[in-house]
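Visitor: mmCIF, C-alpha atoms, file entry-v4.cif:
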data_structure
#
loop_
_atom_site.label_atom_id
_atom_site.label_comp_id
_atom_site.auth_asym_id
_atom_site.auth_seq_id
_atom_site.Cartn_x
_atom_site.Cartn_y
_atom_site.Cartn_z
CA MET A 1 -10.46 10.09 -19.18
CA ILE A 2 -8.08 11.51 -16.56
CA GLU A 3 -8.09 15.29 -16.56
CA PRO A 4 -5.54 17.73 -15.06
CA GLY A 5 -7.94 18.62 -12.25
CA HIS A 6 -8.11 14.98 -11.17
CA VAL A 7 -4.32 14.83 -10.83
CA VAL A 8 -4.17 18.09 -8.85
CA GLU A 9 -6.85 16.88 -6.46
CA GLU A 10 -5.18 13.51 -5.93
CA ILE A 11 -1.83 15.14 -5.10
CA ARG A 12 -3.64 17.46 -2.65
CA GLN A 13 -5.29 14.51 -0.91
CA LEU A 14 -2.04 12.54 -0.73
CA THR A 15 -0.18 15.55 0.65
CA SER A 16 -2.78 16.02 3.37
CA LYS A 17 -2.63 12.33 4.28
CA CYS A 18 1.18 12.40 4.59
CA ILE A 19 0.85 15.37 6.96
CA GLU A 20 -1.80 13.49 8.97
CA LEU A 21 0.47 10.43 9.20
CA SER A 22 3.41 12.62 10.29
CA LEU A 23 5.43 11.36 7.35
CA CYS A 24 6.41 14.82 6.10
CA ASN A 25 7.43 17.99 7.91
CA ASP A 26 7.26 20.44 5.01
CA GLN A 27 5.25 20.55 1.82
CA ASN A 28 4.21 22.57 -1.20
CA TYR A 29 0.71 21.90 -2.46
CA PRO A 30 0.34 21.34 -6.21
CA ALA A 31 -0.22 24.24 -8.59
CA ALA A 32 -1.59 24.05 -12.13
CA VAL A 33 -0.53 26.59 -14.73
CA LYS A 34 -2.43 26.66 -18.03
CA VAL A 35 -0.78 28.14 -21.14
CA GLY A 36 -2.92 27.68 -24.21
CA ALA A 37 -3.69 23.99 -24.58
CA LEU A 38 -0.96 23.00 -22.10
CA THR A 39 -1.50 22.50 -18.38
CA ASN A 40 1.61 22.10 -16.24
CA ILE A 41 1.10 20.64 -12.77
CA SER A 42 3.91 20.94 -10.26
CA PHE A 43 4.66 22.13 -6.74
CA ALA A 44 3.99 25.79 -5.99
CA GLY A 45 6.80 27.85 -7.47
CA GLY A 46 7.88 25.09 -9.88
CA GLY A 47 11.48 24.91 -11.04
CA GLY A 48 14.21 22.84 -9.43
CA TYR A 49 14.59 20.39 -12.29
CA THR A 50 17.66 21.71 -14.09
CA ILE A 51 20.06 21.12 -11.21
CA ALA A 52 18.84 17.53 -10.87
CA LEU A 53 19.94 16.78 -14.44
CA LYS A 54 23.40 18.35 -14.25
CA ASN A 55 26.66 16.46 -13.83
CA VAL A 56 27.27 17.52 -10.23
CA ALA A 57 27.65 15.65 -6.95
CA TYR A 58 24.40 14.27 -5.58
CA ALA A 59 24.87 16.15 -2.29
CA GLU A 60 24.95 19.39 -4.27
CA VAL A 61 21.79 18.45 -6.18
CA TYR A 62 19.97 17.62 -2.95
CA SER A 63 21.14 20.79 -1.19
CA SER A 64 19.99 22.98 -4.08
CA LEU A 65 16.55 21.38 -4.14
CA LEU A 66 16.22 21.69 -0.37
CA VAL A 67 17.25 25.37 -0.21
CA SER A 68 14.98 26.37 -3.09
CA LYS A 69 12.10 24.26 -1.66
CA ALA A 70 11.80 22.53 -5.01
CA TYR A 71 9.62 19.68 -3.82
CA ASN A 72 6.06 18.63 -3.08
CA LEU A 73 6.98 16.79 0.11
CA ARG A 74 9.91 16.86 2.48
CA MET A 75 9.71 13.60 4.39
CA VAL A 76 10.63 13.28 8.06
CA ASP A 77 13.97 11.68 7.16
CA GLY A 78 14.83 14.56 4.81
CA ALA A 79 13.89 12.82 1.55
CA LEU A 80 12.36 15.07 -1.11
CA LEU A 81 9.51 14.07 -3.44
CA GLN A 82 8.70 15.86 -6.69
CA LEU A 83 5.58 15.25 -8.79
CA SER A 84 5.02 17.07 -12.08
CA TYR A 85 2.64 16.37 -14.95
CA THR A 86 1.97 18.05 -18.29
CA PHE A 87 -1.27 17.72 -20.22
CA HIS A 88 -2.17 18.86 -23.73
CA ASP A 89 -5.87 19.50 -23.28
CA ARG A 90 -6.87 16.25 -21.54
CA LEU A 91 -4.03 14.11 -22.89
CA LEU A 92 -1.05 13.36 -20.64
CA THR A 93 2.13 14.21 -22.54
CA ARG A 94 4.76 13.85 -19.81
CA HIS A 95 5.42 13.35 -16.13
CA ARG A 96 8.42 13.46 -13.85
CA LEU A 97 8.14 11.77 -10.45
CA ALA A 98 11.29 11.85 -8.36
CA PHE A 99 12.46 10.64 -4.96
CA PHE A 100 15.63 12.25 -3.55
CA PRO A 101 16.70 10.69 -0.24
CA SER A 102 18.85 12.74 2.11
CA PRO A 103 22.54 12.13 1.26
CA ASP A 104 23.66 12.28 4.88
CA LEU A 105 22.45 11.76 8.43
CA THR A 106 23.07 15.25 9.77
CA GLU A 107 19.55 15.46 11.07
CA PHE A 108 20.01 12.15 12.87
CA GLN A 109 23.28 13.35 14.36
CA ASN A 110 21.53 16.42 15.77
CA SER A 111 18.54 14.57 17.24
CA PRO A 112 19.40 10.86 17.57
CA GLU A 113 16.81 10.21 20.28
CA ILE A 114 13.98 10.98 17.83
CA TYR A 115 15.23 8.46 15.30
CA GLU A 116 16.13 5.73 17.76
CA ALA A 117 12.64 5.86 19.26
CA GLU A 118 10.87 5.19 15.96
CA GLU A 119 10.95 1.87 14.12
CA ILE A 120 10.53 3.66 10.79
CA TYR A 121 14.08 5.01 11.09
CA ALA A 122 15.75 1.66 11.79
CA GLU A 123 17.10 1.31 8.27
CA ILE A 124 17.85 5.00 7.79
CA ILE A 125 20.57 4.94 10.44
CA GLU A 126 22.12 1.69 9.20
CA LYS A 127 25.65 2.34 7.90
CA SER A 128 25.06 -0.03 5.00
CA VAL A 129 22.27 2.11 3.51
CA VAL A 130 23.33 4.01 0.36
CA PRO A 131 20.94 6.84 -0.58
CA PHE A 132 20.32 7.32 -4.30
CA PRO A 133 17.64 9.12 -6.32
CA ILE A 134 14.83 7.38 -8.16
CA ARG A 135 12.89 8.94 -11.03
CA PHE A 136 9.89 7.80 -13.09
CA ASP A 137 9.67 9.63 -16.41
CA TYR A 138 7.01 9.59 -19.07
CA GLU A 139 7.21 11.47 -22.37
CA ASP A 140 4.88 11.10 -25.32
CA ASP A 141 7.25 12.52 -27.91
CA GLU A 142 8.16 10.64 -31.07
CA SER A 143 11.35 12.69 -31.43
CA VAL A 144 12.85 11.17 -28.25
CA TYR A 145 11.12 7.78 -28.16
CA VAL A 146 13.25 4.81 -29.23
CA ASP A 147 11.68 1.40 -28.79
CA LEU A 148 13.44 -0.54 -26.00
CA HIS A 149 16.27 2.00 -25.63
CA HIS A 150 14.21 5.07 -24.63
CA PRO A 151 10.74 3.85 -23.59
CA ARG A 152 7.91 6.35 -23.29
CA SER A 153 7.54 5.40 -19.62
CA HIS A 154 10.71 4.43 -17.81
CA LEU A 155 12.52 4.31 -14.46
CA THR A 156 15.93 5.84 -13.83
CA LEU A 157 18.01 4.78 -10.82
CA GLY A 158 20.86 6.80 -9.34
CA GLN A 159 21.01 9.52 -12.01
CA TYR A 160 22.58 7.14 -14.53
CA SER A 161 21.94 8.91 -17.84
CA ASN A 162 21.39 5.70 -19.81
CA CYS A 163 19.40 3.86 -17.15
CA ARG A 164 15.90 3.67 -18.60
CA ILE A 165 14.11 0.61 -17.24
CA PRO A 166 10.84 0.15 -19.16
CA VAL A 167 7.65 0.79 -17.20
CA THR A 168 4.32 -0.48 -18.49
CA ALA A 169 2.44 2.82 -18.12
CA PRO A 170 2.63 6.33 -16.70
CA LEU A 171 2.16 6.48 -12.92
CA SER A 172 -0.65 8.27 -11.15
CA PRO A 173 0.31 10.29 -8.05
CA TYR A 174 -1.13 7.50 -5.90
CA ALA A 175 0.91 4.80 -7.69
CA PHE A 176 4.12 6.77 -7.17
CA LEU A 177 3.55 7.55 -3.50
CA ASP A 178 2.37 4.00 -2.81
CA PHE A 179 5.65 2.75 -4.34
CA VAL A 180 7.75 5.12 -2.21
CA LEU A 181 5.99 4.34 1.07
CA ARG A 182 5.80 0.61 0.39
CA SER A 183 9.49 0.44 -0.53
CA PHE A 184 11.09 2.81 2.00
CA TYR A 185 8.71 3.70 4.84
CA ASN A 186 6.64 0.66 5.76
CA THR A 187 7.75 -1.13 8.90
CA ALA A 188 7.01 -4.57 10.32
CA HIS A 189 4.14 -3.10 12.34
CA ARG A 190 2.93 -0.14 10.28
CA ARG A 191 1.87 -0.20 6.63
CA PHE A 192 1.64 3.48 5.79
CA CYS A 193 0.83 2.78 2.15
CA GLU A 194 -2.39 1.05 3.18
CA ARG A 195 -3.64 4.28 4.76
CA LEU A 196 -3.41 6.35 1.59
CA PRO A 197 -6.70 7.50 0.06
CA LYS A 198 -7.51 5.05 -2.73
CA SER A 199 -7.18 6.26 -6.28
CA ALA A 200 -9.66 5.89 -9.13
CA MET A 201 -6.99 6.69 -11.71
CA SER A 202 -4.73 4.60 -13.90
CA PHE A 203 -3.22 5.49 -17.26
CA GLU A 204 -3.25 3.40 -20.43
CA GLU A 205 -0.27 1.10 -21.02
CA THR A 206 2.45 2.46 -23.27
CA ILE A 207 4.99 -0.39 -23.17
CA SER A 208 5.93 -2.09 -26.44
CA SER A 209 6.20 -5.85 -27.00
CA ARG A 210 10.02 -5.61 -27.19
CA GLU A 211 10.15 -3.68 -23.92
CA ARG A 212 7.88 -6.23 -22.29
CA GLY A 213 10.39 -8.90 -23.32
CA VAL A 214 13.09 -7.53 -21.00
CA VAL A 215 13.13 -6.85 -17.26
CA HIS A 216 10.59 -4.09 -16.66
CA PHE A 217 8.32 -2.54 -14.04
CA HIS A 218 4.59 -3.22 -14.07
CA VAL A 219 2.17 -0.48 -12.99
CA PRO A 220 -1.04 -2.11 -11.69
CA THR A 221 -4.21 -1.15 -13.52
CA LEU A 222 -7.26 0.05 -11.62
CA SER A 223 -8.93 -3.36 -11.92
CA GLU A 224 -5.81 -5.12 -10.62
CA ARG A 225 -5.66 -2.83 -7.58
CA ARG A 226 -9.32 -3.45 -6.81
CA SER A 227 -8.88 -7.21 -6.92
CA SER A 228 -5.77 -7.28 -4.73
#
Go ahead and express the file in the form of structure tokens.
Guide:
Amino acid sequence: MIEPGHVVEEIRQLTSKCIELSLCNDQNYPAAVKVGALTNISFAGGGGYTIALKNVAYAEVYSSLLVSKAYNLRMVDGALLQLSYTFHDRLLTRHRLAFFPSPDLTEFQNSPEIYEAEEIYAEIIEKSVVPFPIRFDYEDDESVYVDLHHPRSHLTLGQYSNCRIPVTAPLSPYAFLDFVLRSFYNTAHRRFCERLPKSAMSFEETISSRERGVVHFHVPTLSERRSS
């Protein structure tokens, strides 16, 4: 069974690897706070979630998170990553894994030579790129769960309040960071995701048969990752 300490250690290892790969230029290591039977795992200082759920312009959301350092990782292109988990004893009850890309290219405007010299930034400076947030949520709460319409594990794109794409299972820290690097930071010559420390964690599936019958996201199990 996956315990809170396993999640904390995996986030620590992934943070260190991103620093080693020069993929992030600021970070907050994970902190675990235990209150009774609950263990909340987040970035040091916590907070920074309320603004992300308010009906305000995305640039304002991003700026607030950046100023308050409400993130685990600040990537080299300005994108912010948040990873938070809550356990009741050793049972995962919720997680919130968010990717907030930088809404503008101010940093590029200030230092264009840095970006133009690196293949990883080729798409970042394309005018056609539209930055939007991505969030994986998991909540084991019967009071909010509605089969198909509010899956226990789901993906939200662009802050759309009713966008809840079913996901087969909660994501481990490794699964989330692998998704982010594979989708937005790999280049034709460098596969950053392949250099992440391998994970020995995967959570049980929570998707229902009705949710599996519509377009959904599949989280690979540990055995599937080992055979790939």
Visitor: Can you tell me, as a list in words, what residues are no more than 9 Å from A:Gly158 when counting all atoms listed in the file, ignoring any on the same chain fewer than 5 positions away?
Guide: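 The residues that qualify are Pro131, Phe132, Pro133, Ile134, Arg135 and Cys163 of chain A.
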Visitor: Can you turn the PyMOL selection byres ((chain A and resi 161) around 12) into a concrete residue list for this file, as a ChimeraX atom specification?
Guide: /A:52-55,135,149-150,155-160,162-165
Visitor: Work out how far atom CA of A:Phe43 is from atom CA of A:Val8, in Å to one decimal.
Guide: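 Interatomic distance here is 9.9 Å.
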Visitor: Quick one, how far is atom CA of A:Arg190 from atom CA of A:Ser22?
Guide: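 About the pair atom CA of A:Arg190 and atom CA of A:Ser22: they are 12.8 Å apart.
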Visitor: Where does the PyMOL selection byres ((chain A and resi 37) around 12) land in this file, that is, which residues does it pick, as an MDAnalysis selection string?
Guide: chainID A and resid 4 33:36 38:40 86:93
Visitor: Using all atoms listed in the file, pick whichever of A:Ser63, A:Arg94, A:Val144, A:Pro103 has the shortest atom-to-atom distance to A:Phe203.
Guide: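 Checking each of A:Ser63, A:Arg94, A:Val144, A:Pro103 against A:Phe203, counting all atoms listed in the file, the winner is A:Arg94.
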Visitor: So that I can check the surroundings of A:Arg96, please list as a list of chain:residue names every protein, DNA and RNA residue that reaches within 10 Å of it, counting all atoms listed in the file and ignoring chain neighbours fewer than 4 positions away.
Guide: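 Here the qualifying residues turn out to be A:Ser42, A:Tyr49, A:Gln82, A:Leu83, A:Ser84, A:Tyr85, A:Thr86, A:Arg135, A:Phe136, A:Asp137, A:Tyr138, A:Glu139, A:Ser153, A:Pro170, A:Leu171.
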Visitor: If you measure from atom CA of A:Leu21 to atom CA of A:Val76, what distance in Å do you get, rounded to one decimal?
Guide: 10.6 Å
Visitor: Give me the residues near A:Asp147 as a CSV table (one decimal) with C-alpha atoms, in the frame of the given file, where near means some atom within 10 Å (using all atoms listed in the file) and where sequence neighbours in that chain fewer than 6 positions away do not count.
Guide:
chain,number,residue,atom,x,y,z
A,166,PRO,CA,10.8,0.2,-19.2
A,207,ILE,CA,5.0,-0.4,-23.2
A,208,SER,CA,5.9,-2.1,-26.4
A,209,SER,CA,6.2,-5.8,-27.0
A,210,ARG,CA,10.0,-5.6,-27.2
A,211,GLU,CA,10.2,-3.7,-23.9
Visitor: Of the candidates A:Arg195, A:His218, A:Arg226, A:Lys69, which one gets nearest to A:Lys17 if we count all atoms listed in the file?
Guide: A:Arg195
Visitor: With a distance cut-off of 9 Å and all atoms listed in the file, select the neighbouring residues of A:Leu66, excluding the residue or stretch itself and same-chain residues fewer than 5 positions from it, and output the selection as number ranges by chain.
Guide: A: 61, 71, 74, 78, 80
Visitor: Neighbours of stretch 174-181 of chain A within 8 Å (all atoms listed in the file; same-chain residues fewer than 5 positions away dropped), as a list in words?
Guide: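 Contacts, in chain order: Glu10, Ile11, Leu14, Leu97, Phe99, Asn186, Phe192, Cys193, Leu196, Lys198, Ser199 and Val219 of chain A.
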Visitor: Would you please work out which residue, of A:Ser172, A:Pro220, A:Asp141, A:Leu73, is nearest to A:Glu3 when using all atoms listed in the file?
Guide: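 So, comparing all the options, the nearest one is A:Ser172.
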Visitor: Closest to A:Ser68 among A:Ser16, A:Thr221, A:Ser183, A:Asn28, using only C-alpha atoms?
Guide: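 Between A:Ser16, A:Thr221, A:Ser183, A:Asn28, the residue approaching A:Ser68 most closely is A:Asn28.
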